[in-house]
file target03.cif (mmCIF, C-alpha atoms)
data_target
loop_
_atom_site.label_atom_id
_atom_site.label_comp_id
_atom_site.auth_asym_id
_atom_site.auth_seq_id
_atom_site.Cartn_x
_atom_site.Cartn_y
_atom_site.Cartn_z
CA MET A 130 37.69 129.80 95.43
CA SER A 131 38.76 126.19 94.89
CA VAL A 132 37.43 122.79 93.83
CA THR A 133 38.51 119.45 95.31
CA VAL A 134 37.90 116.14 93.55
CA ARG A 135 38.39 112.70 95.07
CA VAL A 136 39.45 109.98 92.63
CA PRO A 137 40.04 106.25 93.24
CA ALA A 138 42.76 103.72 92.62
CA LYS A 139 42.08 100.68 90.47
CA VAL A 140 42.94 97.02 90.36
CA ASN A 141 42.86 95.02 87.14
CA VAL A 142 40.96 91.82 87.87
CA GLN A 143 41.71 90.73 84.31
CA LEU A 144 44.38 92.14 82.03
CA ALA A 145 44.59 90.29 78.71
CA VAL A 146 47.26 91.69 76.38
CA ALA A 147 47.68 91.20 72.63
CA ALA A 148 50.90 91.31 70.64
CA PRO A 149 52.11 94.87 69.93
CA ARG A 150 50.35 96.82 67.20
CA PRO A 151 52.31 98.67 64.49
CA ASP A 152 52.05 101.85 66.60
CA GLY A 153 53.68 100.07 69.54
CA PHE A 154 50.53 99.96 71.67
CA HIS A 155 48.78 96.72 72.65
CA ASP A 156 45.11 95.85 72.30
CA LEU A 157 43.70 94.87 75.66
CA ALA A 158 40.78 93.27 77.39
CA ASN A 159 41.15 95.13 80.66
CA VAL A 160 38.61 94.58 83.43
CA PHE A 161 38.97 97.48 85.86
CA LEU A 162 37.63 97.60 89.40
CA ALA A 163 37.90 100.90 91.28
CA VAL A 164 38.87 100.50 94.93
CA GLY A 165 38.62 102.77 97.94
CA LEU A 166 42.13 104.23 98.03
CA TYR A 167 41.90 107.85 96.93
CA ASP A 168 43.92 110.83 95.82
CA GLU A 169 42.37 114.27 96.28
CA VAL A 170 43.09 116.94 93.67
CA THR A 171 42.40 120.58 94.51
CA VAL A 172 42.54 123.36 91.93
CA THR A 173 42.68 127.04 92.82
CA PRO A 174 43.03 130.07 90.54
CA ALA A 175 46.64 131.21 90.22
CA GLU A 176 48.79 133.51 88.11
CA GLU A 177 50.25 130.52 86.25
CA LEU A 178 50.02 126.73 86.17
CA ARG A 179 51.83 125.03 89.01
CA VAL A 180 51.62 121.64 90.72
CA THR A 181 52.31 120.69 94.33
CA CYS A 182 51.98 117.32 96.01
CA GLU A 183 51.90 115.85 99.51
CA GLY A 184 51.57 112.34 100.89
CA PRO A 185 53.43 109.01 100.65
CA ASP A 186 56.17 109.12 97.98
CA ALA A 187 55.21 112.66 96.98
CA ASP A 188 58.89 113.27 96.19
CA GLN A 189 58.53 110.83 93.26
CA VAL A 190 55.69 112.79 91.63
CA PRO A 191 56.76 115.15 88.81
CA LEU A 192 55.70 118.72 89.45
CA ASP A 193 56.22 120.04 85.93
CA ARG A 194 53.98 119.91 82.86
CA THR A 195 54.62 116.20 82.35
CA ASN A 196 52.36 115.51 85.35
CA LEU A 197 49.05 114.12 84.09
CA ALA A 198 47.13 116.55 86.27
CA ALA A 199 48.93 119.49 84.62
CA ARG A 200 48.40 117.96 81.17
CA ALA A 201 44.68 117.58 81.93
CA ALA A 202 44.36 121.25 82.89
CA LEU A 203 46.24 122.30 79.76
CA ALA A 204 44.09 120.09 77.51
CA LEU A 205 40.82 121.44 78.90
CA ALA A 206 42.06 125.03 78.78
CA GLU A 207 43.15 124.66 75.15
CA ARG A 208 39.80 123.17 74.18
CA TYR A 209 37.94 126.11 75.71
CA GLY A 210 40.35 128.86 74.63
CA ARG A 211 41.60 129.94 78.03
CA GLU A 212 44.78 129.88 80.08
CA ALA A 213 45.45 127.00 82.48
CA ASP A 214 46.13 129.48 85.26
CA VAL A 215 45.59 127.20 88.26
CA HIS A 216 47.45 125.82 91.22
CA ILE A 217 46.92 122.03 91.29
CA HIS A 218 47.53 120.42 94.66
CA ILE A 219 47.57 116.62 94.88
CA ALA A 220 47.07 114.90 98.22
CA LYS A 221 48.31 111.40 97.42
CA ASP A 222 47.19 108.19 99.02
CA ILE A 223 47.39 105.92 95.94
CA PRO A 224 50.80 104.22 95.63
CA VAL A 225 53.15 105.99 93.20
CA ALA A 226 54.35 103.92 90.19
CA GLY A 227 52.49 100.98 91.68
CA GLY A 228 50.21 99.76 88.90
CA MET A 229 47.09 101.25 90.54
CA ALA A 230 46.65 104.21 88.16
CA GLY A 231 47.62 106.92 90.64
CA GLY A 232 48.88 109.25 87.93
CA SER A 233 45.83 108.57 85.80
CA ALA A 234 43.62 109.27 88.79
CA ASP A 235 45.27 112.65 89.25
CA GLY A 236 44.72 113.47 85.58
CA ALA A 237 41.02 112.64 85.79
CA GLY A 238 40.71 114.50 89.09
CA ALA A 239 42.32 117.66 87.72
CA LEU A 240 40.13 117.52 84.62
CA VAL A 241 36.90 117.33 86.61
CA ALA A 242 38.12 119.95 89.07
CA CYS A 243 39.11 122.45 86.37
CA ASP A 244 35.83 121.86 84.53
CA ALA A 245 33.95 122.72 87.73
CA LEU A 246 36.18 125.68 88.65
CA TRP A 247 36.02 127.26 85.19
CA GLY A 248 32.38 126.38 84.55
CA THR A 249 33.25 125.10 81.08
CA GLY A 250 30.16 122.90 80.98
CA ALA A 251 32.01 120.13 79.14
CA SER A 252 29.88 117.07 78.46
CA ARG A 253 30.85 113.71 79.91
CA ALA A 254 31.71 112.56 76.38
CA GLU A 255 34.09 115.53 75.97
CA LEU A 256 35.75 114.80 79.30
CA LEU A 257 36.18 111.14 78.38
CA ASP A 258 37.64 112.16 75.02
CA ILE A 259 40.26 114.32 76.77
CA CYS A 260 40.93 111.47 79.22
CA ALA A 261 41.61 109.08 76.35
CA GLU A 262 44.10 111.56 74.88
CA LEU A 263 45.92 111.72 78.22
CA GLY A 264 46.36 107.97 78.74
CA SER A 265 44.81 104.53 78.55
CA ASP A 266 43.77 104.34 82.23
CA VAL A 267 42.54 107.93 82.63
CA PRO A 268 38.99 107.37 81.32
CA PHE A 269 38.35 104.67 83.91
CA SER A 270 39.61 106.94 86.69
CA LEU A 271 36.85 109.34 85.67
CA VAL A 272 34.15 106.65 85.49
CA GLY A 273 35.02 104.36 88.42
CA GLY A 274 32.91 101.38 89.46
CA ALA A 275 33.82 98.49 87.20
CA ALA A 276 34.32 98.48 83.45
CA LEU A 277 35.74 96.53 80.55
CA GLY A 278 38.34 98.53 78.65
CA VAL A 279 39.24 97.54 75.10
CA GLY A 280 41.47 99.12 72.47
CA ARG A 281 44.34 100.46 74.59
CA GLY A 282 41.96 100.17 77.55
CA GLU A 283 40.38 103.57 76.96
CA LEU A 284 37.15 102.33 75.30
CA LEU A 285 34.96 101.51 78.27
CA THR A 286 31.83 99.44 78.84
CA PRO A 287 30.46 99.72 82.40
CA LEU A 288 30.03 96.40 84.20
CA GLU A 289 27.49 95.31 86.76
CA VAL A 290 28.88 94.42 90.18
CA GLY A 291 26.64 92.48 92.56
CA GLY A 292 28.48 93.07 95.81
CA ASP A 293 31.59 94.36 97.55
CA PHE A 294 35.02 92.79 97.14
CA HIS A 295 37.64 93.13 99.88
CA TRP A 296 41.27 93.57 98.87
CA VAL A 297 44.68 93.82 100.47
CA PHE A 298 47.41 95.70 98.61
CA ALA A 299 51.12 95.32 99.33
CA THR A 300 53.38 98.11 98.09
CA ALA A 301 56.92 97.31 97.02
CA VAL A 302 60.24 98.88 97.92
CA ARG A 303 60.56 100.45 94.47
CA GLY A 304 58.41 101.24 91.46
CA LEU A 305 58.13 99.70 88.02
CA SER A 306 57.90 101.55 84.73
CA THR A 307 54.78 100.58 82.78
CA PRO A 308 56.58 100.94 79.39
CA ALA A 309 59.41 98.74 80.69
CA VAL A 310 56.93 96.04 81.73
CA TYR A 311 55.30 96.10 78.29
CA ARG A 312 58.73 95.86 76.64
CA GLU A 313 59.51 92.84 78.81
CA PHE A 314 56.13 91.32 77.86
CA ASP A 315 57.09 91.75 74.20
CA ARG A 316 60.48 90.14 74.82
CA LEU A 317 59.01 87.17 76.68
CA THR A 318 56.32 86.54 74.06
CA GLU A 319 58.45 87.18 70.96
CA GLY A 320 58.05 84.36 68.47
CA THR A 321 54.97 82.95 70.19
CA ALA A 322 51.33 83.11 69.14
CA VAL A 323 49.75 85.67 71.48
CA PRO A 324 45.96 85.17 71.53
CA GLU A 325 43.57 88.02 70.95
CA PRO A 326 42.45 89.50 74.28
CA VAL A 327 38.93 88.55 75.34
CA ALA A 328 37.15 89.24 78.61
CA SER A 329 36.54 86.10 80.64
CA PRO A 330 32.80 85.25 80.81
CA GLU A 331 33.40 83.53 84.16
CA LEU A 332 35.02 86.64 85.57
CA LEU A 333 32.29 88.97 84.30
CA GLY A 334 29.69 86.63 85.79
CA ALA A 335 31.51 86.56 89.13
CA LEU A 336 31.52 90.37 89.27
CA ALA A 337 27.84 90.57 88.38
CA LYS A 338 26.91 88.06 91.09
CA GLY A 339 29.26 89.44 93.72
CA ASP A 340 30.74 85.94 93.99
CA VAL A 341 34.15 86.29 95.62
CA ALA A 342 35.14 82.63 95.20
CA ALA A 343 34.28 82.67 91.49
CA LEU A 344 36.17 85.94 91.03
CA ALA A 345 39.21 84.49 92.79
CA ALA A 346 39.16 81.54 90.41
CA SER A 347 39.07 83.73 87.31
CA VAL A 348 41.39 86.72 87.93
CA SER A 349 44.38 86.93 85.58
CA ASN A 350 47.12 89.31 84.46
CA ASP A 351 49.10 88.72 81.27
CA LEU A 352 51.70 91.29 82.41
CA GLN A 353 52.48 89.41 85.61
CA PRO A 354 55.28 87.24 84.15
CA ALA A 355 56.96 90.39 82.78
CA ALA A 356 56.62 92.22 86.10
CA LEU A 357 58.08 89.23 87.97
CA SER A 358 60.91 88.97 85.45
CA LEU A 359 61.90 92.58 86.16
CA PHE A 360 61.15 92.40 89.90
CA PRO A 361 61.54 88.73 91.00
CA GLU A 362 61.26 89.64 94.69
CA LEU A 363 57.51 90.10 94.16
CA THR A 364 57.17 86.31 94.07
CA ALA A 365 57.87 86.20 97.80
CA THR A 366 55.14 88.78 98.45
CA LEU A 367 52.63 86.82 96.38
CA ASP A 368 53.55 83.62 98.23
CA ALA A 369 53.21 85.34 101.60
CA GLY A 370 49.74 86.61 100.73
CA ARG A 371 48.58 83.17 99.63
CA ALA A 372 50.01 81.65 102.81
CA ALA A 373 48.10 84.29 104.80
CA GLY A 374 44.81 83.06 103.33
CA ALA A 375 44.22 85.18 100.25
CA LEU A 376 41.75 83.60 97.84
CA ALA A 377 43.72 85.04 94.91
CA ALA A 378 47.04 86.84 94.55
CA LEU A 379 48.22 88.81 91.54
CA VAL A 380 50.31 91.74 90.43
CA SER A 381 48.12 94.82 89.99
CA GLY A 382 48.37 95.97 86.38
CA SER A 383 52.01 96.58 85.45
CA GLY A 384 52.99 96.36 89.12
CA PRO A 385 54.78 96.31 91.39
CA THR A 386 51.88 96.59 93.86
CA THR A 387 50.48 93.14 94.57
CA ALA A 388 46.77 92.56 95.16
CA PHE A 389 45.15 89.92 97.34
CA LEU A 390 41.45 89.07 97.28
CA ALA A 391 39.98 88.26 100.69
CA GLU A 392 36.78 86.48 101.68
CA GLY A 393 35.59 89.47 103.71
CA PRO A 394 36.72 92.34 105.93
CA GLU A 395 37.97 90.18 108.81
CA ALA A 396 39.96 87.98 106.43
CA ALA A 397 41.40 91.08 104.77
CA ALA A 398 42.56 92.43 108.13
CA GLY A 399 44.24 89.12 108.94
CA ILE A 400 45.97 88.91 105.56
CA ALA A 401 47.16 92.50 105.92
CA ALA A 402 48.65 91.82 109.36
CA ARG A 403 50.51 88.73 108.21
CA LEU A 404 51.79 90.44 105.07
CA ALA A 405 53.01 93.40 107.11
CA ALA A 406 54.91 91.01 109.36
CA SER A 407 56.33 88.97 106.48
CA GLY A 408 59.13 91.36 105.56
CA THR A 409 58.33 90.95 101.88
CA CYS A 410 56.82 94.38 101.22
CA ARG A 411 57.12 98.02 102.23
CA SER A 412 53.56 98.71 103.37
CA VAL A 413 50.10 97.14 103.33
CA ARG A 414 46.66 98.65 102.73
CA THR A 415 43.13 97.29 102.66
CA ALA A 416 40.38 98.61 100.41
CA VAL A 417 36.93 97.68 99.13
CA GLY A 418 35.68 97.79 95.55
CA PRO A 419 33.81 98.95 93.62
CA ALA A 420 34.35 102.63 94.40
CA PRO A 421 32.95 105.71 92.64
CA GLY A 422 34.95 107.55 89.99
CA ALA A 423 36.13 111.15 90.10
CA THR A 424 33.76 113.05 92.40
CA VAL A 425 33.62 116.70 93.41
CA ILE A 426 33.72 116.72 97.21
CA ASP A 427 34.23 120.46 97.77
CA ALA A 428 33.14 122.95 95.13
CA GLY A 429 34.04 126.07 97.14
CA THR A 430 32.80 129.01 95.11
CA GLY A 431 33.72 127.63 91.70
CA ALA A 432 31.76 128.72 88.66
CA GLY A 433 30.07 125.36 88.25
CA GLY A 434 30.10 121.81 89.56
CA ARG A 435 29.63 118.19 88.61
CA ASN A 436 29.26 115.02 90.66
#

call {"tool": "encode", "arguments": {"input": "target03.cif", "output": "structure tokens"}}
result
Amino acid sequence: MSVTVRVPAKVNVQLAVAAPRPDGFHDLANVFLAVGLYDEVTVTPAEELRVTCEGPDADQVPLDRTNLAARAALALAERYGREADVHIHIAKDIPVAGGMAGGSADGAGALVACDALWGTGASRAELLDICAELGSDVPFSLVGGAALGVGRGELLTPLEVGGDFHWVFATAVRGLSTPAVYREFDRLTEGTAVPEPVASPELLGALAKGDVAALAASVSNDLQPAALSLFPELTATLDAGRAAGALAALVSGSGPTTAFLAEGPEAAAGIAARLAASGTCRSVRTAVGPAPGATVIDAGTGAGGRN
């Protein structure tokens, strides 16, 4: 008896960040695009909650109750008055601490998997509410596709996407802490007038039309200067991707993974090969977006299921 859920990585094609609020968070205009790099989260009944992990950089994933997957199971169990007595196994393929929402993906995956295993019958609104409690990126990991996130990024509006977009992702030799990047953003913008975050009409139009050139011209990330300040070596990776023919190059979210938009699959393969040979990054992956959100791919003999 087990349930396995596949959940995608994301790239932020626009990340507009406001000055910090009194609670320390930042209002955002965050345009998410899910891409076809996936973690798989499997939950199985157990005597007590435990987490295991395999895959690239699995040794960097916390296996205690701070893990978002464990927190998701606990939150759903508390809401439905039961024990979170499951073994959560994470098969990782999304870069760890890379700005691609790998931890958030695991949280959304565990939530959907536990809901199916336990047959709680939670509504999508309830699941999204729990996701928002877990973290700003977790709701999008549940939804997938493309969406505009406002507030802290957790208030989502689905977006139309008129075609596929081909990406190359370069992972870095070390991770970056999202809170540290936001603190550096605050330091760099202190004393300046930070505009209110607004989604770019040009970018939304490019997504809707599936226009890769227009999307390349309109991607942006307000956290990129902060990420480069903390990790200046990323500049060489961005330069190498541009030199390899990328239509656009940017830090993904809070980094340090860098994202390169390609004209098509053949261009993506060529960019990936040149980046891999450049010596400026640890590894290189290609992926296509949009991708579906958290999806049950093996329901075993769980009490219920949801796709």

call {"tool": "resolve_selection", "arguments": {"input": "target03.cif", "expression": "the PyMOL selection byres ((chain A and resi 251-268) around 9)", "output": "PyMOL selection string"}}
result
chain A and resi 197+200-201+204-205+230+232-237+240-241+244+248-250+269-273+278+280-285

call {"tool": "resolve_selection", "arguments": {"input": "target03.cif", "expression": "the PyMOL selection byres ((chain A and resi 181) around 8)", "output": "number ranges by chain"}}
result
A: 179-180, 182-183, 192, 216-219

call {"tool": "residues_around", "arguments": {"input": "target03.cif", "residues": "A:Thr171", "least_positions_apart": "3", "cutoff": "9 Å", "atoms": "all atoms listed in the file", "output": "list in words"}}
result
Ser131, Val132, Thr133, Val134, Arg135, His216, Ile217, His218, Ile219, Ala220, Gly238, Ala239, Ala242, Cys243 and Asp427 of chain A

call {"tool": "residues_around", "arguments": {"input": "target03.cif", "residues": "A:Phe161", "least_positions_apart": "5", "cutoff": "7 Å", "atoms": "only C-alpha atoms", "output": "list of chain:residue names"}}
result
A:Lys139, A:Val140, A:Asn141, A:Val142, A:Ala275, A:Ala276, A:Leu277

call {"tool": "atom_distance", "arguments": {"input": "target03.cif", "atom1": "atom CA of A:Gly274", "atom2": "atom CA of A:Val164"}}
result
8.1 Å

call {"tool": "residues_around", "arguments": {"input": "target03.cif", "residues": "stretch 327-343 of chain A", "least_positions_apart": "4", "cutoff": "10 Å", "atoms": "all atoms listed in the file", "output": "PyMOL selection string"}}
result
chain A and resi 142-147+157-160+162+275-279+288-295+347-349+376-377+390-393+419

call {"tool": "resolve_selection", "arguments": {"input": "target03.cif", "expression": "the PyMOL selection byres ((chain A and resi 298-314) around 7)", "output": "PDB file with C-alpha atoms, in the coordinates of the input"}}
result
ATOM      1  CA  ALA A 226      54.350 103.920  90.190  1.00  0.00           C
ATOM      2  CA  GLY A 227      52.490 100.980  91.680  1.00  0.00           C
ATOM      3  CA  TRP A 296      41.270  93.570  98.870  1.00  0.00           C
ATOM      4  CA  VAL A 297      44.680  93.820 100.470  1.00  0.00           C
ATOM      5  CA  ASP A 315      57.090  91.750  74.200  1.00  0.00           C
ATOM      6  CA  ARG A 316      60.480  90.140  74.820  1.00  0.00           C
ATOM      7  CA  LEU A 317      59.010  87.170  76.680  1.00  0.00           C
ATOM      8  CA  THR A 318      56.320  86.540  74.060  1.00  0.00           C
ATOM      9  CA  LEU A 352      51.700  91.290  82.410  1.00  0.00           C
ATOM     10  CA  ALA A 355      56.960  90.390  82.780  1.00  0.00           C
ATOM     11  CA  ALA A 356      56.620  92.220  86.100  1.00  0.00           C
ATOM     12  CA  SER A 383      52.010  96.580  85.450  1.00  0.00           C
ATOM     13  CA  GLY A 384      52.990  96.360  89.120  1.00  0.00           C
ATOM     14  CA  PRO A 385      54.780  96.310  91.390  1.00  0.00           C
ATOM     15  CA  THR A 386      51.880  96.590  93.860  1.00  0.00           C
ATOM     16  CA  THR A 387      50.480  93.140  94.570  1.00  0.00           C
ATOM     17  CA  ALA A 388      46.770  92.560  95.160  1.00  0.00           C
ATOM     18  CA  PHE A 389      45.150  89.920  97.340  1.00  0.00           C
ATOM     19  CA  CYS A 410      56.820  94.380 101.220  1.00  0.00           C
ATOM     20  CA  ARG A 411      57.120  98.020 102.230  1.00  0.00           C
ATOM     21  CA  SER A 412      53.560  98.710 103.370  1.00  0.00           C
ATOM     22  CA  VAL A 413      50.100  97.140 103.330  1.00  0.00           C
ATOM     23  CA  ARG A 414      46.660  98.650 102.730  1.00  0.00           C
ATOM     24  CA  THR A 415      43.130  97.290 102.660  1.00  0.00           C
TER      25      THR A 415
END

call {"tool": "closest_residue", "arguments": {"input": "target03.cif", "among": "A:Arg194, A:Leu246, A:Arg403, A:Glu177", "to": "A:Glu212", "atoms": "all atoms listed in the file"}}
result
A:Glu177

call {"tool": "atom_distance", "arguments": {"input": "target03.cif", "atom1": "atom CA of A:Glu325", "atom2": "atom CA of A:Leu367"}}
result
27.0 Å

call {"tool": "atom_distance", "arguments": {"input": "target03.cif", "atom1": "atom CA of A:Leu404", "atom2": "atom CA of A:Ala369"}}
result
6.3 Å

call {"tool": "closest_residue", "arguments": {"input": "target03.cif", "among": "A:Ala428, A:Leu363, A:Ala138, A:Ala398", "to": "A:Gly228", "atoms": "all atoms listed in the file"}}
result
A:Ala138

call {"tool": "residues_near_point", "arguments": {"input": "target03.cif", "point": "(43.5, 106.2, 94.8)", "cutoff": "8 Å", "atoms": "all atoms listed in the file", "output": "list of chain:residue names"}}
result
A:Val136, A:Pro137, A:Ala138, A:Lys139, A:Val164, A:Gly165, A:Leu166, A:Tyr167, A:Asp168, A:Lys221, A:Asp222, A:Ile223, A:Pro224, A:Met229, A:Ala230, A:Gly231, A:Ala234

call {"tool": "closest_residue", "arguments": {"input": "target03.cif", "among": "A:Ala373, A:Ala365, A:Ala322, A:Ala187", "to": "A:Ala402", "atoms": "all atoms listed in the file"}}
result
A:Ala373

call {"tool": "residues_around", "arguments": {"input": "target03.cif", "residues": "A:Leu203", "least_positions_apart": "3", "cutoff": "9 Å", "atoms": "only C-alpha atoms", "output": "list of chain:residue names"}}
result
A:Leu178, A:Arg194, A:Ala198, A:Ala199, A:Arg200, A:Ala206, A:Glu207, A:Arg208, A:Glu212, A:Ala213

call {"tool": "axis_aligned_box", "arguments": {"input": "target03.cif", "around": "stretch 161-173 of chain A", "padding_each_side": "5 Å", "output": "AutoDock Vina command-line options"}}
result
--center_x 40.8 --center_y 112.3 --center_z 91.9 --size_x 16.3 --size_y 39.6 --size_z 22.2
